[in-house]
Amino acid sequence: MAFEIGFEPVEVTEPGAARFTGYYEPELAASPIRSAAFPAPLYAMPEGLPTPWHTRAEIVAGDLLAGQEIAFVESAIEAFLAQVQGSVRLRMPDGAVLRLGYAGKNGHPYASIGRELVRRGVGPAERMTPDAIRDWCAANPDQVADLLNTNPSFVFFRILDLPPETGPIGSMGLPVTPGRSLAVDPEVIPLGAPVWIDCPGFGARLMVAQDTGSAIRGAGRGDIFIGSGSEAGRIAGAINTPGRMIWLRRRG
């Protein structure tokens, strides 16, 4: 009744024309020092960084972030996918868990490496899941750097002090909640707004627009936060479907 009185439903696209994907917080083994087992760094954001800054390819070629390393993970593709998700839980050798969240980026647009692999004829779009990308990288280690550099965007991290049961921090500065937090384009739906979604394979439910993303642009784009860890990653990677999105806009 309160929603009926205080809010009016606004279908943000034609019914069934919204597009949903999923995101999650990876959990990765990591080390505070670089080694053969942990060669791939995650970086803090340098102070006073102009926007735009160098592209990913330029950053890597020039080793422009030397000294900004926070921790090291097992592969370049896992470091890259952590950047795409914007948060990560790192399991350190001493058993501690280090939480990292989004700190900023280099100001260049995001380009999908999955779409790039489709363009190269590696496989169809519907099969280009994160696990498929991992498999391709494992089979083609000499081509990984070139693939990652097709995305000029680069994401930086900051260390977060969060309880283990709390989700990562979204764009509103608050923890996101599995199955209830939605990343949207804030130029279409304001952050903090309730949003009703109907996403085949996930369900129909009330969400809250609490986050944003470089690839989440335009009316009807929604990215559903699934949770943390590999199972959440599997579920999130399988969500790429049309559906309905209804913004519950406050009356008056």
# chains A, B, ... in the order shown; residues from 1 in each chain; ligands from 1

$ residues_around --residues "A:Leu90" --least-positions-apart "5" --cutoff "10 Å" --atoms "only C-alpha atoms" --output "CSV table (one decimal) with N, CA and C atoms, in the first residue's frame"
chain,number,residue,atom,x,y,z
A,26,PRO,N,34.7,-11.4,-6.5
A,26,PRO,CA,35.5,-12.6,-6.5
A,26,PRO,C,36.2,-12.8,-5.2
A,27,GLU,N,36.6,-14.1,-4.9
A,27,GLU,CA,37.5,-14.5,-3.9
A,27,GLU,C,38.7,-15.2,-4.5
A,28,LEU,N,39.9,-14.6,-4.2
A,28,LEU,CA,41.1,-15.1,-4.9
A,28,LEU,C,42.2,-15.3,-3.9
A,29,ALA,N,43.0,-16.3,-4.1
A,29,ALA,CA,44.2,-16.5,-3.4
A,29,ALA,C,45.2,-15.4,-3.8
A,30,ALA,N,45.9,-14.8,-2.8
A,30,ALA,CA,46.8,-13.7,-3.1
A,30,ALA,C,48.0,-13.7,-2.2
A,31,SER,N,48.9,-12.8,-2.5
A,31,SER,CA,50.1,-12.7,-1.7
A,31,SER,C,50.5,-11.2,-1.6
A,71,ALA,N,48.6,-6.0,-3.8
A,71,ALA,CA,48.7,-7.4,-3.6
A,71,ALA,C,48.9,-8.1,-5.0
A,72,PHE,N,49.2,-9.3,-5.0
A,72,PHE,CA,49.4,-10.1,-6.2
A,72,PHE,C,48.5,-11.3,-6.2
A,73,VAL,N,47.9,-11.6,-7.4
A,73,VAL,CA,47.1,-12.8,-7.6
A,73,VAL,C,47.7,-13.7,-8.6
A,95,GLY,N,46.2,-16.6,6.2
A,95,GLY,CA,44.8,-16.8,6.4
A,95,GLY,C,43.9,-15.6,6.5
A,96,ALA,N,44.5,-14.4,6.6
A,96,ALA,CA,43.7,-13.2,6.6
A,96,ALA,C,43.0,-13.0,5.3
A,97,VAL,N,41.9,-12.3,5.3
A,97,VAL,CA,41.1,-11.9,4.1
A,97,VAL,C,41.2,-10.4,4.0
A,98,LEU,N,41.8,-9.9,2.8
A,98,LEU,CA,41.9,-8.5,2.5
A,98,LEU,C,40.8,-8.1,1.6
A,99,ARG,N,40.0,-7.2,1.9
A,99,ARG,CA,38.9,-6.7,1.1
A,99,ARG,C,39.3,-5.5,0.3
A,100,LEU,N,39.2,-5.5,-1.0
A,100,LEU,CA,39.5,-4.4,-1.8
A,100,LEU,C,38.2,-3.9,-2.5

$ closest_residue --among "A:Ile189, A:Ile5, A:Leu206, A:Val84" --to "A:Tyr23" --atoms "only C-alpha atoms"
A:Val84

$ closest_residue --among "A:Pro46, A:Gly233, A:Gly67, A:Pro152" --to "A:His108" --atoms "only C-alpha atoms"
A:Pro152

$ select_by_dssp --residues "stretch 39-207 of chain A" --states "strand (DSSP E or B)" --output "PyMOL selection string"
chain A and resi 40-44+69-73+87-91+97-105+155-160+169+175+181-183+194-199+203-207

$ atom_distance --atom1 "atom CA of A:Val155" --atom2 "atom CA of A:Ser181"
21.2 Å
